[in-house]
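Structure file start_33.cif (mmCIF, C-alpha atoms) follows.
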```cif
data_run
#
loop_
_atom_site.label_atom_id
_atom_site.label_comp_id
_atom_site.auth_asym_id
_atom_site.auth_seq_id
_atom_site.Cartn_x
_atom_site.Cartn_y
_atom_site.Cartn_z
CA MET A 13 -40.18 51.81 160.30
CA ALA A 14 -39.77 53.32 156.84
CA LYS A 15 -40.49 57.01 156.43
CA ILE A 16 -43.87 57.82 154.91
CA ILE A 17 -43.71 60.06 151.84
CA ASP A 18 -46.50 62.62 152.07
CA GLN A 19 -47.00 63.14 148.35
CA ARG A 20 -48.12 61.11 145.33
CA MET A 21 -45.19 59.22 143.89
CA ALA A 22 -44.70 57.03 140.84
CA ALA A 23 -42.14 54.30 140.26
CA GLU A 24 -39.67 54.04 137.41
CA MET A 25 -37.54 51.05 136.52
CA ASP A 26 -34.59 50.98 134.17
CA GLY A 27 -35.10 48.47 131.38
CA GLU A 28 -37.03 45.22 131.43
CA PHE A 29 -37.70 43.44 134.73
CA VAL A 30 -39.65 40.47 136.09
CA VAL A 31 -42.49 40.38 138.58
CA PHE A 32 -42.76 37.00 140.28
CA LEU A 33 -45.81 36.17 142.40
CA ILE A 34 -45.48 33.16 144.67
CA GLY A 35 -47.77 31.76 147.29
CA MET A 36 -49.05 28.78 149.14
CA ARG A 37 -52.46 27.56 150.17
CA ILE A 38 -52.93 25.48 153.30
CA ASN A 39 -55.71 23.08 152.35
CA LYS A 40 -55.46 20.85 155.43
CA PRO A 41 -54.28 22.95 158.40
CA TRP A 42 -54.02 19.92 160.69
CA LYS A 43 -51.24 18.50 158.47
CA ILE A 44 -48.71 20.96 159.81
CA HIS A 45 -45.82 18.64 158.90
CA LYS A 46 -46.71 19.19 155.23
CA TRP A 47 -47.10 22.98 155.10
CA LEU A 48 -44.88 24.34 157.89
CA PRO A 49 -41.60 23.48 156.09
CA VAL A 50 -42.90 25.33 153.00
CA PHE A 51 -43.82 28.34 155.13
CA LEU A 52 -40.42 28.36 156.88
CA ALA A 53 -38.36 27.93 153.70
CA MET A 54 -39.22 31.28 152.08
CA PRO A 55 -37.64 33.62 154.66
CA LYS A 56 -34.37 31.69 154.33
CA MET A 57 -34.45 32.05 150.55
CA ILE A 58 -35.21 35.78 150.76
CA LYS A 59 -32.33 36.30 153.19
CA GLU A 60 -29.98 34.42 150.86
CA LEU A 61 -31.10 36.47 147.87
CA GLU A 62 -30.84 39.81 149.68
CA ALA A 63 -27.25 38.96 150.63
CA ASP A 64 -26.28 38.35 146.98
CA PRO A 65 -26.60 41.45 144.77
CA GLU A 66 -25.40 39.43 141.76
CA SER A 67 -28.46 37.14 142.00
CA GLY A 68 -30.63 39.59 140.07
CA PHE A 69 -33.13 39.70 142.94
CA LEU A 70 -34.31 43.29 143.31
CA GLY A 71 -36.61 42.95 146.31
CA HIS A 72 -40.03 41.88 147.55
CA ASN A 73 -43.15 43.18 149.25
CA GLY A 74 -42.61 41.35 152.54
CA ILE A 75 -43.46 37.95 153.88
CA THR A 76 -46.66 38.76 155.70
CA GLY A 77 -49.46 37.16 153.74
CA LYS A 78 -50.19 34.21 151.52
CA VAL A 79 -48.69 35.90 148.45
CA ILE A 80 -45.22 37.33 148.06
CA VAL A 81 -44.45 39.70 145.21
CA GLN A 82 -40.83 39.54 144.11
CA TYR A 83 -38.97 41.71 141.62
CA TRP A 84 -36.11 40.38 139.50
CA ARG A 85 -33.75 41.94 136.99
CA SER A 86 -34.52 39.17 134.46
CA PHE A 87 -36.18 35.81 133.98
CA GLU A 88 -32.73 34.31 133.48
CA HIS A 89 -31.70 35.46 136.98
CA LEU A 90 -34.88 34.01 138.50
CA GLU A 91 -34.48 30.69 136.70
CA ALA A 92 -30.78 30.44 137.57
CA TYR A 93 -31.61 30.81 141.25
CA ALA A 94 -34.51 28.33 141.09
CA ARG A 95 -32.31 25.67 139.49
CA ALA A 96 -29.08 26.26 141.42
CA LYS A 97 -28.37 23.08 143.38
CA ASP A 98 -26.14 25.00 145.82
CA LYS A 99 -28.82 27.56 146.79
CA LYS A 100 -31.68 27.20 149.28
CA HIS A 101 -34.54 26.92 146.76
CA TRP A 102 -33.54 23.63 145.12
CA PRO A 103 -33.28 21.54 148.33
CA ALA A 104 -36.54 23.09 149.60
CA TRP A 105 -38.27 22.14 146.33
CA VAL A 106 -36.93 18.57 146.48
CA ASP A 107 -37.99 18.29 150.14
CA PHE A 108 -41.46 19.64 149.33
CA ASN A 109 -41.99 17.03 146.63
CA LYS A 110 -40.83 14.22 148.93
CA ARG A 111 -42.93 15.47 151.83
CA VAL A 112 -46.10 15.95 149.81
CA GLY A 113 -45.73 12.81 147.71
CA ALA A 114 -48.98 11.68 146.14
CA SER A 115 -51.11 13.81 148.50
CA ARG A 116 -50.75 17.12 146.66
CA GLY A 117 -54.06 18.34 148.07
CA ASP A 118 -52.68 18.94 151.58
CA VAL A 119 -50.82 22.12 150.71
CA GLY A 120 -50.81 24.00 147.45
CA ILE A 121 -48.04 26.13 146.05
CA TRP A 122 -48.19 28.35 143.02
CA HIS A 123 -46.32 31.03 141.16
CA GLU A 124 -46.81 33.37 138.23
CA THR A 125 -44.01 35.10 136.33
CA TYR A 126 -44.37 38.28 134.27
CA LYS A 127 -41.71 39.88 132.06
CA ILE A 128 -42.31 43.61 132.05
CA LYS A 129 -40.98 45.80 129.26
CA PRO A 130 -40.25 49.51 129.67
CA GLY A 131 -43.44 51.56 129.48
CA GLN A 132 -45.66 48.51 130.11
CA TYR A 133 -46.42 49.18 133.77
CA GLU A 134 -47.51 51.97 136.05
CA ALA A 135 -47.47 52.45 139.78
CA VAL A 136 -48.61 55.16 142.14
CA TYR A 137 -48.20 55.52 145.89
CA SER A 138 -49.82 58.13 148.12
CA GLY A 139 -49.01 58.50 151.80
CA MET A 140 -46.81 55.39 151.64
CA PRO A 141 -43.25 54.52 152.51
CA PRO A 142 -41.26 53.12 149.58
CA TYR A 143 -43.11 49.94 148.59
CA GLY A 144 -43.23 47.48 145.70
CA LEU A 145 -41.70 48.88 142.53
CA GLY A 146 -41.19 52.12 144.40
CA LYS A 147 -38.87 50.30 146.78
CA VAL A 148 -36.82 48.43 144.17
CA GLY A 149 -36.89 51.11 141.47
CA LYS A 150 -36.78 54.88 141.57
CA LEU A 151 -39.53 57.00 143.13
CA ILE A 152 -40.48 60.18 141.32
CA PRO A 153 -43.32 62.65 141.92
CA ALA A 154 -46.57 61.53 140.27
CA SER A 155 -47.15 64.92 138.70
CA GLY A 156 -46.74 66.53 135.30
CA ARG A 157 -46.01 63.77 132.79
CA LYS A 158 -46.64 61.18 135.54
CA GLU A 159 -49.94 62.58 136.87
CA ALA A 160 -52.37 60.04 135.38
CA ALA A 161 -52.14 56.26 135.05
CA ARG A 162 -52.39 56.65 131.26
CA ASP A 163 -49.35 58.93 131.31
CA ARG A 164 -47.37 56.62 133.57
CA MET A 165 -48.11 53.79 131.10
CA GLY A 166 -46.72 55.91 128.28
CA THR A 167 -49.94 55.80 126.24
#
```

Turn this file's structure into structure tokens for me.
Amino acid sequence: MAKIIDQRMAAEMDGEFVVFLIGMRINKPWKIHKWLPVFLAMPKMIKELEADPESGFLGHNGITGKVIVQYWRSFEHLEAYARAKDKKHWPAWVDFNKRVGASRGDVGIWHETYKIKPGQYEAVYSGMPPYGLGKVGKLIPASGRKEAARDRMGT
């Protein structure tokens, strides 16, 4: 278990980065053959990405819920992985489309991608182990020039 930091901390990232939210929605739980492969594909992709520092994948918040937050160095890195025929995402995407076919209402998948510029984000953690941006970036005390959200945003 990660060590809990017993003070308020803020996160800093060098340069621009990407936040990628991805999730699934099981609309018909009894159609396990439609959604289970989707559910099982993500841990394999995460493992592949974590093993390849050149992928641009910075980290994620864990695969525990219906939404996974991922952090990427750039949109170009994210897109390159998504389209790489020799990586785990592409075959999983092709399989999903074959498996779901015309019945797209059985299981839903979604994602949202955000390009974040320096000074256009803020994060604070209190009584937490390194998490989110604080896990993939640099943790610094949330005091002085980082005390308030407005200050962390650079406004």

Residues picked by the PyMOL selection byres ((chain A and resi 132-143) around 7) here, as a PyMOL selection string? chain A and resi 14-23+73+128-131+144-147+154+161+164-165

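Running the PyMOL selection byres ((chain A and resi 58-60) around 10) on this file leaves Ala53, Met54, Pro55, Lys56, Met57, Leu61, Glu62, Ala63, Asp64, Pro65, Ser67, Phe69, Gly71, His72, Gly74, Ile75, Gln82, Lys99, Lys100 and His101 of chain A selected.
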
Could you turn the residues from that selection into a file that holds C-alpha atoms, as a PDB file, in the frame of the given file?
```
ATOM      1  CA  ALA A  53     -38.360  27.930 153.700  1.00  0.00           C
ATOM      2  CA  MET A  54     -39.220  31.280 152.080  1.00  0.00           C
ATOM      3  CA  PRO A  55     -37.640  33.620 154.660  1.00  0.00           C
ATOM      4  CA  LYS A  56     -34.370  31.690 154.330  1.00  0.00           C
ATOM      5  CA  MET A  57     -34.450  32.050 150.550  1.00  0.00           C
ATOM      6  CA  LEU A  61     -31.100  36.470 147.870  1.00  0.00           C
ATOM      7  CA  GLU A  62     -30.840  39.810 149.680  1.00  0.00           C
ATOM      8  CA  ALA A  63     -27.250  38.960 150.630  1.00  0.00           C
ATOM      9  CA  ASP A  64     -26.280  38.350 146.980  1.00  0.00           C
ATOM     10  CA  PRO A  65     -26.600  41.450 144.770  1.00  0.00           C
ATOM     11  CA  SER A  67     -28.460  37.140 142.000  1.00  0.00           C
ATOM     12  CA  PHE A  69     -33.130  39.700 142.940  1.00  0.00           C
ATOM     13  CA  GLY A  71     -36.610  42.950 146.310  1.00  0.00           C
ATOM     14  CA  HIS A  72     -40.030  41.880 147.550  1.00  0.00           C
ATOM     15  CA  GLY A  74     -42.610  41.350 152.540  1.00  0.00           C
ATOM     16  CA  ILE A  75     -43.460  37.950 153.880  1.00  0.00           C
ATOM     17  CA  GLN A  82     -40.830  39.540 144.110  1.00  0.00           C
ATOM     18  CA  LYS A  99     -28.820  27.560 146.790  1.00  0.00           C
ATOM     19  CA  LYS A 100     -31.680  27.200 149.280  1.00  0.00           C
ATOM     20  CA  HIS A 101     -34.540  26.920 146.760  1.00  0.00           C
TER      21      HIS A 101
END
```

Pick the closest to Tyr126 in chain A from A:Ala160, A:Trp47, A:Met25, A:Leu90: which is it, counting all atoms listed in the file?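 Between A:Ala160, A:Trp47, A:Met25, A:Leu90, the residue approaching Tyr126 in chain A most closely is A:Leu90.
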
Select, from A:Val106, A:Ile121, A:Val148, A:Met13, the residue with the minimum atom-to-atom distance to Phe29 in chain A, counting only C-alpha atoms.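 Closest candidate: A:Val148.
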
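With all atoms listed in the file as the atoms that count, the minimum distance from Gly120 in chain A to the choices A:Arg95, A:Arg162, A:Arg37, A:Lys46 is reached by A:Arg37.
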
CA of His45 in chain A to CA of Val81 in chain A, straight-line distance in Å: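 Atom-to-atom, CA of Val81 in chain A and CA of His45 in chain A are spaced 25.2 Å apart.
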
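Closest approach to Gly149 in chain A among A:Val79, A:Leu70, A:Val30, A:Trp42: A:Leu70, based on all atoms listed in the file.
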
Mind giving me the straight-line distance from CA of Lys110 in chain A to CA of His89 in chain A in Å, one decimal? 26.0 Å

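What separates CA of Glu124 in chain A from CA of Asp163 in chain A is a distance of 26.6 Å.
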
Top pick for closest residue to His123 in chain A, considering A:Arg111, A:Ile80, A:Ala92, A:Gly166 and counting only C-alpha atoms: A:Ile80
